[in-house]
file entry-v8.tsv (TSV, N, CA and C atoms)
chain	number	residue	atom	x	y	z
A	239	MET	N	-4.61	42.41	-2.65
A	239	MET	CA	-3.44	41.73	-3.19
A	239	MET	C	-3.07	42.37	-4.52
A	240	PRO	N	-1.81	42.79	-4.68
A	240	PRO	CA	-1.41	43.44	-5.92
A	240	PRO	C	-1.41	42.47	-7.09
A	241	HIS	N	-1.70	43.04	-8.27
A	241	HIS	CA	-1.70	42.25	-9.50
A	241	HIS	C	-0.26	42.01	-9.95
A	242	THR	N	0.05	40.77	-10.24
A	242	THR	CA	1.35	40.42	-10.77
A	242	THR	C	1.18	40.01	-12.22
A	243	ALA	N	1.88	40.68	-13.09
A	243	ALA	CA	1.77	40.39	-14.52
A	243	ALA	C	2.27	38.98	-14.80
A	244	SER	N	1.61	38.38	-15.74
A	244	SER	CA	1.98	37.04	-16.15
A	244	SER	C	2.69	37.12	-17.50
A	245	PHE	N	3.96	36.71	-17.51
A	245	PHE	CA	4.69	36.72	-18.77
A	245	PHE	C	5.77	35.66	-18.73
A	246	ALA	N	6.23	35.31	-19.91
A	246	ALA	CA	7.38	34.43	-20.06
A	246	ALA	C	8.24	35.01	-21.17
A	247	LEU	N	9.54	34.84	-21.04
A	247	LEU	CA	10.45	35.34	-22.04
A	247	LEU	C	11.45	34.22	-22.36
A	248	ARG	N	11.61	33.94	-23.65
A	248	ARG	CA	12.53	32.89	-24.08
A	248	ARG	C	13.49	33.47	-25.11
A	249	GLU	N	14.72	33.02	-25.04
A	249	GLU	CA	15.71	33.37	-26.06
A	249	GLU	C	16.00	32.13	-26.88
A	250	GLU	N	16.02	32.31	-28.18
A	250	GLU	CA	16.35	31.22	-29.08
A	250	GLU	C	17.38	31.73	-30.07
A	251	ALA	N	18.28	30.85	-30.49
A	251	ALA	CA	19.30	31.21	-31.48
A	251	ALA	C	19.14	30.30	-32.69
A	252	PRO	N	18.30	30.71	-33.65
A	252	PRO	CA	18.05	29.84	-34.81
A	252	PRO	C	19.28	29.61	-35.68
A	253	GLU	N	20.24	30.54	-35.62
A	253	GLU	CA	21.51	30.39	-36.34
A	253	GLU	C	22.52	31.34	-35.72
A	254	ALA	N	23.79	31.13	-36.03
A	254	ALA	CA	24.85	31.97	-35.47
A	254	ALA	C	24.61	33.43	-35.82
A	255	GLY	N	24.79	34.30	-34.83
A	255	GLY	CA	24.66	35.74	-35.06
A	255	GLY	C	23.24	36.27	-34.98
A	256	THR	N	22.29	35.38	-34.71
A	256	THR	CA	20.88	35.76	-34.66
A	256	THR	C	20.27	35.32	-33.33
A	257	VAL	N	19.44	36.18	-32.77
A	257	VAL	CA	18.70	35.78	-31.57
A	257	VAL	C	17.24	36.19	-31.74
A	258	VAL	N	16.35	35.31	-31.28
A	258	VAL	CA	14.93	35.60	-31.21
A	258	VAL	C	14.59	35.70	-29.73
A	259	ILE	N	14.00	36.83	-29.35
A	259	ILE	CA	13.52	37.00	-27.98
A	259	ILE	C	12.00	36.94	-28.06
A	260	ALA	N	11.45	35.83	-27.56
A	260	ALA	CA	10.01	35.62	-27.64
A	260	ALA	C	9.37	35.97	-26.30
A	261	VAL	N	8.32	36.76	-26.36
A	261	VAL	CA	7.59	37.19	-25.17
A	261	VAL	C	6.19	36.61	-25.23
A	262	ASP	N	5.75	36.04	-24.13
A	262	ASP	CA	4.38	35.51	-24.00
A	262	ASP	C	3.69	36.21	-22.83
A	263	GLY	N	2.41	36.51	-23.02
A	263	GLY	CA	1.62	37.08	-21.93
A	263	GLY	C	1.56	38.59	-21.99
A	264	GLU	N	1.69	39.22	-20.84
A	264	GLU	CA	1.56	40.66	-20.72
A	264	GLU	C	2.93	41.32	-20.82
A	265	ALA	N	3.09	42.19	-21.82
A	265	ALA	CA	4.36	42.89	-22.03
A	265	ALA	C	4.28	44.25	-21.35
A	266	ASP	N	4.62	44.27	-20.07
A	266	ASP	CA	4.57	45.51	-19.30
A	266	ASP	C	5.97	45.84	-18.77
A	267	MET	N	6.04	46.64	-17.71
A	267	MET	CA	7.32	47.09	-17.20
A	267	MET	C	8.23	45.92	-16.79
A	268	SER	N	7.70	44.93	-16.13
A	268	SER	CA	8.50	43.78	-15.72
A	268	SER	C	9.07	43.05	-16.93
A	269	THR	N	8.23	42.89	-17.93
A	269	THR	CA	8.65	42.23	-19.16
A	269	THR	C	9.71	43.05	-19.87
A	270	ALA	N	9.51	44.36	-19.93
A	270	ALA	CA	10.45	45.24	-20.62
A	270	ALA	C	11.83	45.17	-19.98
A	271	VAL	N	11.89	45.09	-18.67
A	271	VAL	CA	13.18	44.98	-17.97
A	271	VAL	C	13.89	43.70	-18.39
A	272	LYS	N	13.18	42.59	-18.39
A	272	LYS	CA	13.76	41.30	-18.79
A	272	LYS	C	14.14	41.31	-20.27
A	273	PHE	N	13.28	41.91	-21.10
A	273	PHE	CA	13.58	42.02	-22.53
A	273	PHE	C	14.87	42.80	-22.74
A	274	ASN	N	14.99	43.94	-22.06
A	274	ASN	CA	16.20	44.76	-22.19
A	274	ASN	C	17.44	44.00	-21.74
A	275	GLU	N	17.34	43.25	-20.65
A	275	GLU	CA	18.47	42.46	-20.17
A	275	GLU	C	18.90	41.46	-21.25
A	276	SER	N	17.95	40.74	-21.83
A	276	SER	CA	18.26	39.76	-22.87
A	276	SER	C	18.83	40.44	-24.10
A	277	PHE	N	18.20	41.53	-24.53
A	277	PHE	CA	18.63	42.24	-25.72
A	277	PHE	C	20.05	42.77	-25.57
A	278	PHE	N	20.32	43.48	-24.48
A	278	PHE	CA	21.64	44.09	-24.31
A	278	PHE	C	22.72	43.05	-24.10
A	279	SER	N	22.40	41.94	-23.46
A	279	SER	CA	23.36	40.85	-23.32
A	279	SER	C	23.73	40.30	-24.70
A	280	ALA	N	22.74	40.10	-25.56
A	280	ALA	CA	23.00	39.61	-26.92
A	280	ALA	C	23.82	40.63	-27.71
A	281	ALA	N	23.45	41.90	-27.61
A	281	ALA	CA	24.16	42.95	-28.35
A	281	ALA	C	25.62	43.05	-27.90
A	282	ARG	N	25.86	42.95	-26.58
A	282	ARG	CA	27.23	43.01	-26.07
A	282	ARG	C	28.06	41.82	-26.55
A	283	SER	N	27.40	40.69	-26.79
A	283	SER	CA	28.13	39.50	-27.24
A	283	SER	C	28.35	39.49	-28.75
A	284	GLY	N	27.91	40.55	-29.43
A	284	GLY	CA	28.16	40.66	-30.86
A	284	GLY	C	27.00	40.29	-31.76
A	285	ILE	N	25.87	39.93	-31.18
A	285	ILE	CA	24.68	39.61	-31.99
A	285	ILE	C	24.22	40.89	-32.69
A	286	ARG	N	23.97	40.80	-34.01
A	286	ARG	CA	23.52	41.97	-34.76
A	286	ARG	C	22.20	41.73	-35.49
A	287	LEU	N	21.63	40.54	-35.35
A	287	LEU	CA	20.34	40.22	-35.96
A	287	LEU	C	19.41	39.79	-34.84
A	288	VAL	N	18.41	40.64	-34.54
A	288	VAL	CA	17.52	40.39	-33.41
A	288	VAL	C	16.07	40.44	-33.87
A	289	VAL	N	15.31	39.43	-33.44
A	289	VAL	CA	13.87	39.38	-33.70
A	289	VAL	C	13.17	39.37	-32.35
A	290	ALA	N	12.26	40.31	-32.16
A	290	ALA	CA	11.40	40.33	-30.98
A	290	ALA	C	10.07	39.70	-31.39
A	291	ASP	N	9.79	38.52	-30.86
A	291	ASP	CA	8.57	37.80	-31.24
A	291	ASP	C	7.48	38.06	-30.22
A	292	LEU	N	6.49	38.86	-30.62
A	292	LEU	CA	5.37	39.23	-29.75
A	292	LEU	C	4.09	38.48	-30.12
A	293	THR	N	4.23	37.37	-30.83
A	293	THR	CA	3.07	36.61	-31.30
A	293	THR	C	2.10	36.27	-30.18
A	294	ASN	N	2.63	35.90	-29.01
A	294	ASN	CA	1.77	35.46	-27.90
A	294	ASN	C	1.58	36.52	-26.82
A	295	VAL	N	1.76	37.79	-27.20
A	295	VAL	CA	1.55	38.88	-26.26
A	295	VAL	C	0.08	39.29	-26.27
A	296	SER	N	-0.51	39.35	-25.08
A	296	SER	CA	-1.93	39.70	-24.96
A	296	SER	C	-2.14	41.17	-24.61
A	297	PHE	N	-1.09	41.82	-24.10
A	297	PHE	CA	-1.18	43.22	-23.66
A	297	PHE	C	0.21	43.81	-23.78
A	298	ILE	N	0.30	45.07	-24.23
A	298	ILE	CA	1.59	45.75	-24.31
A	298	ILE	C	1.44	47.17	-23.78
A	299	ASP	N	2.40	47.61	-22.97
A	299	ASP	CA	2.32	48.98	-22.45
A	299	ASP	C	3.50	49.81	-22.98
A	300	THR	N	3.56	51.05	-22.56
A	300	THR	CA	4.54	51.98	-23.11
A	300	THR	C	5.97	51.60	-22.76
A	301	THR	N	6.20	50.96	-21.61
A	301	THR	CA	7.57	50.58	-21.27
A	301	THR	C	8.09	49.52	-22.24
A	302	MET	N	7.23	48.61	-22.65
A	302	MET	CA	7.65	47.59	-23.61
A	302	MET	C	7.80	48.20	-25.00
A	303	LEU	N	6.91	49.13	-25.35
A	303	LEU	CA	7.05	49.82	-26.63
A	303	LEU	C	8.39	50.56	-26.68
A	304	ASN	N	8.76	51.19	-25.57
A	304	ASN	CA	10.05	51.88	-25.50
A	304	ASN	C	11.20	50.89	-25.65
A	305	ALA	N	11.09	49.72	-25.04
A	305	ALA	CA	12.14	48.71	-25.16
A	305	ALA	C	12.33	48.30	-26.62
A	306	LEU	N	11.24	48.22	-27.37
A	306	LEU	CA	11.34	47.89	-28.80
A	306	LEU	C	12.05	48.99	-29.57
A	307	VAL	N	11.73	50.24	-29.27
A	307	VAL	CA	12.37	51.37	-29.95
A	307	VAL	C	13.86	51.40	-29.62
A	308	VAL	N	14.20	51.18	-28.35
A	308	VAL	CA	15.60	51.16	-27.93
A	308	VAL	C	16.35	50.05	-28.68
A	309	GLY	N	15.73	48.87	-28.79
A	309	GLY	CA	16.35	47.77	-29.52
A	309	GLY	C	16.59	48.13	-30.97
A	310	HIS	N	15.58	48.71	-31.59
A	310	HIS	CA	15.70	49.14	-32.99
A	310	HIS	C	16.84	50.14	-33.16
A	311	ARG	N	16.88	51.15	-32.31
A	311	ARG	CA	17.91	52.19	-32.42
A	311	ARG	C	19.31	51.61	-32.20
A	312	ARG	N	19.44	50.70	-31.25
A	312	ARG	CA	20.75	50.10	-30.98
A	312	ARG	C	21.23	49.31	-32.19
A	313	MET	N	20.34	48.55	-32.81
A	313	MET	CA	20.75	47.76	-33.96
A	313	MET	C	21.08	48.65	-35.16
A	314	VAL	N	20.35	49.74	-35.34
A	314	VAL	CA	20.69	50.70	-36.40
A	314	VAL	C	22.08	51.27	-36.15
A	315	ARG	N	22.33	51.66	-34.92
A	315	ARG	CA	23.62	52.23	-34.54
A	315	ARG	C	24.76	51.23	-34.78
A	316	ASP	N	24.50	49.95	-34.47
A	316	ASP	CA	25.53	48.91	-34.57
A	316	ASP	C	25.54	48.22	-35.94
A	317	HIS	N	24.81	48.79	-36.90
A	317	HIS	CA	24.73	48.24	-38.26
A	317	HIS	C	24.17	46.82	-38.26
A	318	GLY	N	23.20	46.60	-37.39
A	318	GLY	CA	22.51	45.32	-37.34
A	318	GLY	C	21.10	45.47	-37.87
A	319	CYS	N	20.26	44.53	-37.51
A	319	CYS	CA	18.86	44.58	-37.93
A	319	CYS	C	17.98	44.08	-36.81
A	320	PHE	N	16.88	44.77	-36.60
A	320	PHE	CA	15.92	44.46	-35.54
A	320	PHE	C	14.54	44.34	-36.18
A	321	ALA	N	13.88	43.22	-35.96
A	321	ALA	CA	12.54	43.03	-36.52
A	321	ALA	C	11.60	42.58	-35.41
A	322	VAL	N	10.33	42.88	-35.59
A	322	VAL	CA	9.29	42.53	-34.62
A	322	VAL	C	8.27	41.62	-35.29
A	323	VAL	N	7.89	40.55	-34.58
A	323	VAL	CA	6.83	39.67	-35.06
A	323	VAL	C	5.59	39.99	-34.24
A	324	CYS	N	4.51	40.28	-34.94
A	324	CYS	CA	3.27	40.63	-34.27
A	324	CYS	C	2.11	40.18	-35.14
A	325	SER	N	1.35	39.23	-34.65
A	325	SER	CA	0.22	38.75	-35.44
A	325	SER	C	-1.12	38.98	-34.75
A	326	GLY	N	-1.09	39.36	-33.48
A	326	GLY	CA	-2.33	39.58	-32.75
A	326	GLY	C	-2.91	40.95	-33.01
A	327	PRO	N	-4.23	41.04	-33.09
A	327	PRO	CA	-4.87	42.33	-33.40
A	327	PRO	C	-4.65	43.40	-32.34
A	328	ARG	N	-4.57	43.03	-31.07
A	328	ARG	CA	-4.40	44.04	-30.02
A	328	ARG	C	-3.06	44.75	-30.13
A	329	VAL	N	-2.00	43.96	-30.20
A	329	VAL	CA	-0.66	44.56	-30.27
A	329	VAL	C	-0.47	45.26	-31.61
A	330	SER	N	-0.95	44.67	-32.68
A	330	SER	CA	-0.85	45.31	-34.00
A	330	SER	C	-1.51	46.68	-33.98
A	331	ARG	N	-2.65	46.76	-33.34
A	331	ARG	CA	-3.39	48.02	-33.27
A	331	ARG	C	-2.60	49.07	-32.48
A	332	VAL	N	-1.98	48.66	-31.38
A	332	VAL	CA	-1.18	49.59	-30.58
A	332	VAL	C	0.00	50.10	-31.41
A	333	LEU	N	0.66	49.22	-32.14
A	333	LEU	CA	1.78	49.65	-32.98
A	333	LEU	C	1.31	50.62	-34.06
A	334	GLU	N	0.13	50.37	-34.59
A	334	GLU	CA	-0.44	51.24	-35.62
A	334	GLU	C	-0.79	52.61	-35.04
A	335	ILE	N	-1.49	52.63	-33.92
A	335	ILE	CA	-1.95	53.88	-33.30
A	335	ILE	C	-0.76	54.76	-32.88
A	336	THR	N	0.28	54.13	-32.34
A	336	THR	CA	1.43	54.89	-31.84
A	336	THR	C	2.38	55.32	-32.96
A	337	GLY	N	2.19	54.78	-34.14
A	337	GLY	CA	3.08	55.11	-35.25
A	337	GLY	C	4.33	54.25	-35.29
A	338	LEU	N	4.48	53.34	-34.33
A	338	LEU	CA	5.69	52.51	-34.30
A	338	LEU	C	5.72	51.50	-35.44
A	339	GLY	N	4.56	51.19	-35.99
A	339	GLY	CA	4.51	50.31	-37.14
A	339	GLY	C	5.20	50.91	-38.35
A	340	GLN	N	5.36	52.24	-38.34
A	340	GLN	CA	6.05	52.93	-39.43
A	340	GLN	C	7.57	53.00	-39.18
A	341	ILE	N	7.98	52.83	-37.94
A	341	ILE	CA	9.39	52.94	-37.56
A	341	ILE	C	10.04	51.56	-37.50
A	342	LEU	N	9.35	50.63	-36.86
A	342	LEU	CA	9.88	49.28	-36.69
A	342	LEU	C	9.57	48.42	-37.91
A	343	ASP	N	10.40	47.42	-38.16
A	343	ASP	CA	10.13	46.43	-39.20
A	343	ASP	C	9.26	45.35	-38.56
A	344	VAL	N	7.96	45.37	-38.88
A	344	VAL	CA	7.00	44.47	-38.24
A	344	VAL	C	6.52	43.43	-39.25
A	345	PHE	N	6.50	42.17	-38.82
A	345	PHE	CA	6.12	41.06	-39.67
A	345	PHE	C	5.06	40.21	-38.99
A	346	GLY	N	4.27	39.53	-39.80
A	346	GLY	CA	3.18	38.69	-39.30
A	346	GLY	C	3.62	37.30	-38.87
A	347	SER	N	4.84	36.91	-39.25
A	347	SER	CA	5.33	35.58	-38.84
A	347	SER	C	6.81	35.65	-38.51
A	348	ARG	N	7.23	34.72	-37.68
A	348	ARG	CA	8.64	34.65	-37.31
A	348	ARG	C	9.50	34.35	-38.55
A	349	GLU	N	9.00	33.48	-39.41
A	349	GLU	CA	9.75	33.13	-40.62
A	349	GLU	C	10.04	34.36	-41.47
A	350	ASP	N	9.02	35.22	-41.65
A	350	ASP	CA	9.21	36.44	-42.45
A	350	ASP	C	10.22	37.38	-41.78
A	351	ALA	N	10.14	37.51	-40.47
A	351	ALA	CA	11.08	38.38	-39.74
A	351	ALA	C	12.50	37.85	-39.85
A	352	LEU	N	12.67	36.54	-39.70
A	352	LEU	CA	14.01	35.95	-39.81
A	352	LEU	C	14.57	36.13	-41.23
A	353	GLU	N	13.73	35.96	-42.21
A	353	GLU	CA	14.17	36.16	-43.59
A	353	GLU	C	14.64	37.60	-43.80
A	354	HIS	N	13.90	38.55	-43.24
A	354	HIS	CA	14.25	39.97	-43.34
A	354	HIS	C	15.61	40.25	-42.71
A	355	VAL	N	15.85	39.76	-41.49
A	355	VAL	CA	17.14	40.06	-40.83
A	355	VAL	C	18.29	39.36	-41.55
A	356	ARG	N	18.03	38.16	-42.08
A	356	ARG	CA	19.08	37.46	-42.86
A	356	ARG	C	19.45	38.27	-44.09
A	357	GLU	N	18.44	38.75	-44.81
A	357	GLU	CA	18.69	39.53	-46.03
A	357	GLU	C	19.41	40.82	-45.74
A	358	SER	N	19.16	41.40	-44.58
A	358	SER	CA	19.80	42.68	-44.23
A	358	SER	C	21.29	42.50	-43.99
A	359	SER	N	21.69	41.29	-43.61
A	359	SER	CA	23.09	41.06	-43.29
A	359	SER	C	23.90	40.65	-44.52
A	360	GLY	N	23.22	40.36	-45.62
A	360	GLY	CA	23.93	39.86	-46.79
A	360	GLY	C	24.22	40.87	-47.79
call {"tool": "encode", "arguments": {"input": "entry-v8.tsv", "output": "structure tokens"}}
result
Amino acid sequence: MPHTASFALREEAPEAGTVVIAVDGEADMSTAVKFNESFFSAARSGIRLVVADLTNVSFIDTTMLNALVVGHRRMVRDHGCFAVVCSGPRVSRVLEITGLGQILDVFGSREDALEHVRESSG
């Protein structure tokens, strides 16, 4: 029986112009596809402040890492801001090893990430 990844993805809008895409579980190819769908839908609707909340992610693979980079690049291109919330040691370590922690704006809490994107827009 093939392994099916377990994940959940939620979109929240803490304020106008901002979206938080929260991922729980395993952030693999299936998750990345759903993340991209949510992200690009928000971007097309004019959202320019995006937070990817990976607080409850237990595993992350290269397809999800790529989705984060694509999100970051799109927001830079559109003069928006993209931040990542990551407090777990596994995902933090992957971001560190891959060098993405130097490229992405990574925060230990959702509150810090939201404050960062708010400040970027002002």
call {"tool": "closest_atom_pairs", "arguments": {"input": "entry-v8.tsv", "of": "range 272-357 of chain A", "to": "range 260-267 of chain A", "cutoff": "5 Å", "atoms": "only N, CA and C atoms", "output": "JSON lines"}}
result
{"residue": "A:Asp291", "atom": "C", "partner": "A:Val261", "partner_atom": "N", "distance": 4.2}
{"residue": "A:Asn294", "atom": "C", "partner": "A:Gly263", "partner_atom": "N", "distance": 3.9}
{"residue": "A:Val295", "atom": "CA", "partner": "A:Gly263", "partner_atom": "N", "distance": 4.1}
{"residue": "A:Ser296", "atom": "N", "partner": "A:Gly263", "partner_atom": "C", "distance": 3.8}
{"residue": "A:Phe297", "atom": "C", "partner": "A:Ala265", "partner_atom": "N", "distance": 3.8}
{"residue": "A:Ile298", "atom": "CA", "partner": "A:Ala265", "partner_atom": "C", "distance": 4.3}
{"residue": "A:Asp299", "atom": "N", "partner": "A:Ala265", "partner_atom": "C", "distance": 4.2}
{"residue": "A:Met302", "atom": "N", "partner": "A:Asp266", "partner_atom": "C", "distance": 4.9}
call {"tool": "write_last_selection", "arguments": {"input": "entry-v8.tsv", "atoms": "N, CA and C atoms", "output": "CSV table (one decimal), keeping the file's coordinate frame"}}
result
chain,number,residue,atom,x,y,z
A,291,ASP,N,9.8,38.5,-30.9
A,291,ASP,CA,8.6,37.8,-31.2
A,291,ASP,C,7.5,38.1,-30.2
A,294,ASN,N,2.6,35.9,-29.0
A,294,ASN,CA,1.8,35.5,-27.9
A,294,ASN,C,1.6,36.5,-26.8
A,295,VAL,N,1.8,37.8,-27.2
A,295,VAL,CA,1.6,38.9,-26.3
A,295,VAL,C,0.1,39.3,-26.3
A,296,SER,N,-0.5,39.4,-25.1
A,296,SER,CA,-1.9,39.7,-25.0
A,296,SER,C,-2.1,41.2,-24.6
A,297,PHE,N,-1.1,41.8,-24.1
A,297,PHE,CA,-1.2,43.2,-23.7
A,297,PHE,C,0.2,43.8,-23.8
A,298,ILE,N,0.3,45.1,-24.2
A,298,ILE,CA,1.6,45.8,-24.3
A,298,ILE,C,1.4,47.2,-23.8
A,299,ASP,N,2.4,47.6,-23.0
A,299,ASP,CA,2.3,49.0,-22.4
A,299,ASP,C,3.5,49.8,-23.0
A,302,MET,N,7.2,48.6,-22.6
A,302,MET,CA,7.6,47.6,-23.6
A,302,MET,C,7.8,48.2,-25.0
call {"tool": "residues_around", "arguments": {"input": "entry-v8.tsv", "residues": "range 347-360 of chain A", "least_positions_apart": "4", "cutoff": "6 Å", "atoms": "all atoms listed in the file", "output": "PyMOL selection string"}}
result
chain A and resi 287+319+321+323-324
call {"tool": "atom_distance", "arguments": {"input": "entry-v8.tsv", "atom1": "CA of Glu253 in chain A", "atom2": "CA of Leu303 in chain A"}}
result
26.1 Å
call {"tool": "closest_residue", "arguments": {"input": "entry-v8.tsv", "among": "A:Gly318, A:Val257, A:Ile335, A:Gly309", "to": "Ala280 in chain A", "atoms": "all atoms listed in the file"}}
result
A:Val257
call {"tool": "closest_residue", "arguments": {"input": "entry-v8.tsv", "among": "A:Thr269, A:Ser279, A:Asn274, A:Thr293", "to": "Pro327 in chain A", "atoms": "only C-alpha atoms"}}
result
A:Thr293
call {"tool": "select_by_dssp", "arguments": {"input": "entry-v8.tsv", "residues": "range 279-343 of chain A", "states": "helix (DSSP H, G or I)", "output": "PyMOL selection string"}}
result
chain A and resi 279-282+300-315+327-336+338-341
call {"tool": "write_last_selection", "arguments": {"input": "entry-v8.tsv", "atoms": "N, CA and C atoms", "output": "mmCIF file, in the frame of the given file"}}
result
data_model
loop_
_atom_site.group_PDB
_atom_site.id
_atom_site.type_symbol
_atom_site.label_atom_id
_atom_site.label_comp_id
_atom_site.auth_asym_id
_atom_site.auth_seq_id
_atom_site.Cartn_x
_atom_site.Cartn_y
_atom_site.Cartn_z
ATOM 1 N N SER A 279 22.400 41.940 -23.460
ATOM 2 C CA SER A 279 23.360 40.850 -23.320
ATOM 3 C C SER A 279 23.730 40.300 -24.700
ATOM 4 N N ALA A 280 22.740 40.100 -25.560
ATOM 5 C CA ALA A 280 23.000 39.610 -26.920
ATOM 6 C C ALA A 280 23.820 40.630 -27.710
ATOM 7 N N ALA A 281 23.450 41.900 -27.610
ATOM 8 C CA ALA A 281 24.160 42.950 -28.350
ATOM 9 C C ALA A 281 25.620 43.050 -27.900
ATOM 10 N N ARG A 282 25.860 42.950 -26.580
ATOM 11 C CA ARG A 282 27.230 43.010 -26.070
ATOM 12 C C ARG A 282 28.060 41.820 -26.550
ATOM 13 N N THR A 300 3.560 51.050 -22.560
ATOM 14 C CA THR A 300 4.540 51.980 -23.110
ATOM 15 C C THR A 300 5.970 51.600 -22.760
ATOM 16 N N THR A 301 6.200 50.960 -21.610
ATOM 17 C CA THR A 301 7.570 50.580 -21.270
ATOM 18 C C THR A 301 8.090 49.520 -22.240
ATOM 19 N N MET A 302 7.230 48.610 -22.650
ATOM 20 C CA MET A 302 7.650 47.590 -23.610
ATOM 21 C C MET A 302 7.800 48.200 -25.000
ATOM 22 N N LEU A 303 6.910 49.130 -25.350
ATOM 23 C CA LEU A 303 7.050 49.820 -26.630
ATOM 24 C C LEU A 303 8.390 50.560 -26.680
ATOM 25 N N ASN A 304 8.760 51.190 -25.570
ATOM 26 C CA ASN A 304 10.050 51.880 -25.500
ATOM 27 C C ASN A 304 11.200 50.890 -25.650
ATOM 28 N N ALA A 305 11.090 49.720 -25.040
ATOM 29 C CA ALA A 305 12.140 48.710 -25.160
ATOM 30 C C ALA A 305 12.330 48.300 -26.620
ATOM 31 N N LEU A 306 11.240 48.220 -27.370
ATOM 32 C CA LEU A 306 11.340 47.890 -28.800
ATOM 33 C C LEU A 306 12.050 48.990 -29.570
ATOM 34 N N VAL A 307 11.730 50.240 -29.270
ATOM 35 C CA VAL A 307 12.370 51.370 -29.950
ATOM 36 C C VAL A 307 13.860 51.400 -29.620
ATOM 37 N N VAL A 308 14.200 51.180 -28.350
ATOM 38 C CA VAL A 308 15.600 51.160 -27.930
ATOM 39 C C VAL A 308 16.350 50.050 -28.680
ATOM 40 N N GLY A 309 15.730 48.870 -28.790
ATOM 41 C CA GLY A 309 16.350 47.770 -29.520
ATOM 42 C C GLY A 309 16.590 48.130 -30.970
ATOM 43 N N HIS A 310 15.580 48.710 -31.590
ATOM 44 C CA HIS A 310 15.700 49.140 -32.990
ATOM 45 C C HIS A 310 16.840 50.140 -33.160
ATOM 46 N N ARG A 311 16.880 51.150 -32.310
ATOM 47 C CA ARG A 311 17.910 52.190 -32.420
ATOM 48 C C ARG A 311 19.310 51.610 -32.200
ATOM 49 N N ARG A 312 19.440 50.700 -31.250
ATOM 50 C CA ARG A 312 20.750 50.100 -30.980
ATOM 51 C C ARG A 312 21.230 49.310 -32.190
ATOM 52 N N MET A 313 20.340 48.550 -32.810
ATOM 53 C CA MET A 313 20.750 47.760 -33.960
ATOM 54 C C MET A 313 21.080 48.650 -35.160
ATOM 55 N N VAL A 314 20.350 49.740 -35.340
ATOM 56 C CA VAL A 314 20.690 50.700 -36.400
ATOM 57 C C VAL A 314 22.080 51.270 -36.150
ATOM 58 N N ARG A 315 22.330 51.660 -34.920
ATOM 59 C CA ARG A 315 23.620 52.230 -34.540
ATOM 60 C C ARG A 315 24.760 51.230 -34.780
ATOM 61 N N PRO A 327 -4.230 41.040 -33.090
ATOM 62 C CA PRO A 327 -4.870 42.330 -33.400
ATOM 63 C C PRO A 327 -4.650 43.400 -32.340
ATOM 64 N N ARG A 328 -4.570 43.030 -31.070
ATOM 65 C CA ARG A 328 -4.400 44.040 -30.020
ATOM 66 C C ARG A 328 -3.060 44.750 -30.130
ATOM 67 N N VAL A 329 -2.000 43.960 -30.200
ATOM 68 C CA VAL A 329 -0.660 44.560 -30.270
ATOM 69 C C VAL A 329 -0.470 45.260 -31.610
ATOM 70 N N SER A 330 -0.950 44.670 -32.680
ATOM 71 C CA SER A 330 -0.850 45.310 -34.000
ATOM 72 C C SER A 330 -1.510 46.680 -33.980
ATOM 73 N N ARG A 331 -2.650 46.760 -33.340
ATOM 74 C CA ARG A 331 -3.390 48.020 -33.270
ATOM 75 C C ARG A 331 -2.600 49.070 -32.480
ATOM 76 N N VAL A 332 -1.980 48.660 -31.380
ATOM 77 C CA VAL A 332 -1.180 49.590 -30.580
ATOM 78 C C VAL A 332 0.000 50.100 -31.410
ATOM 79 N N LEU A 333 0.660 49.220 -32.140
ATOM 80 C CA LEU A 333 1.780 49.650 -32.980
ATOM 81 C C LEU A 333 1.310 50.620 -34.060
ATOM 82 N N GLU A 334 0.130 50.370 -34.590
ATOM 83 C CA GLU A 334 -0.440 51.240 -35.620
ATOM 84 C C GLU A 334 -0.790 52.610 -35.040
ATOM 85 N N ILE A 335 -1.490 52.630 -33.920
ATOM 86 C CA ILE A 335 -1.950 53.880 -33.300
ATOM 87 C C ILE A 335 -0.760 54.760 -32.880
ATOM 88 N N THR A 336 0.280 54.130 -32.340
ATOM 89 C CA THR A 336 1.430 54.890 -31.840
ATOM 90 C C THR A 336 2.380 55.320 -32.960
ATOM 91 N N LEU A 338 4.480 53.340 -34.330
ATOM 92 C CA LEU A 338 5.690 52.510 -34.300
ATOM 93 C C LEU A 338 5.720 51.500 -35.440
ATOM 94 N N GLY A 339 4.560 51.190 -35.990
ATOM 95 C CA GLY A 339 4.510 50.310 -37.140
ATOM 96 C C GLY A 339 5.200 50.910 -38.350
ATOM 97 N N GLN A 340 5.360 52.240 -38.340
ATOM 98 C CA GLN A 340 6.050 52.930 -39.430
ATOM 99 C C GLN A 340 7.570 53.000 -39.180
ATOM 100 N N ILE A 341 7.980 52.830 -37.940
ATOM 101 C CA ILE A 341 9.390 52.940 -37.560
ATOM 102 C C ILE A 341 10.040 51.560 -37.500
#
call {"tool": "atom_distance", "arguments": {"input": "entry-v8.tsv", "atom1": "atom C of Asp343 in chain A", "atom2": "atom C of Val289 in chain A"}}
result
9.5 Å
call {"tool": "select_by_dssp", "arguments": {"input": "entry-v8.tsv", "residues": "range 319-351 of chain A", "states": "strand (DSSP E)", "output": "PyMOL selection string"}}
result
chain A and resi 319-323+343-345
call {"tool": "write_last_selection", "arguments": {"input": "entry-v8.tsv", "atoms": "N, CA and C atoms", "output": "CSV table (one decimal), keeping the file's coordinate frame"}}
result
chain,number,residue,atom,x,y,z
A,319,CYS,N,20.3,44.5,-37.5
A,319,CYS,CA,18.9,44.6,-37.9
A,319,CYS,C,18.0,44.1,-36.8
A,320,PHE,N,16.9,44.8,-36.6
A,320,PHE,CA,15.9,44.5,-35.5
A,320,PHE,C,14.5,44.3,-36.2
A,321,ALA,N,13.9,43.2,-36.0
A,321,ALA,CA,12.5,43.0,-36.5
A,321,ALA,C,11.6,42.6,-35.4
A,322,VAL,N,10.3,42.9,-35.6
A,322,VAL,CA,9.3,42.5,-34.6
A,322,VAL,C,8.3,41.6,-35.3
A,323,VAL,N,7.9,40.6,-34.6
A,323,VAL,CA,6.8,39.7,-35.1
A,323,VAL,C,5.6,40.0,-34.2
A,343,ASP,N,10.4,47.4,-38.2
A,343,ASP,CA,10.1,46.4,-39.2
A,343,ASP,C,9.3,45.4,-38.6
A,344,VAL,N,8.0,45.4,-38.9
A,344,VAL,CA,7.0,44.5,-38.2
A,344,VAL,C,6.5,43.4,-39.2
A,345,PHE,N,6.5,42.2,-38.8
A,345,PHE,CA,6.1,41.1,-39.7
A,345,PHE,C,5.1,40.2,-39.0
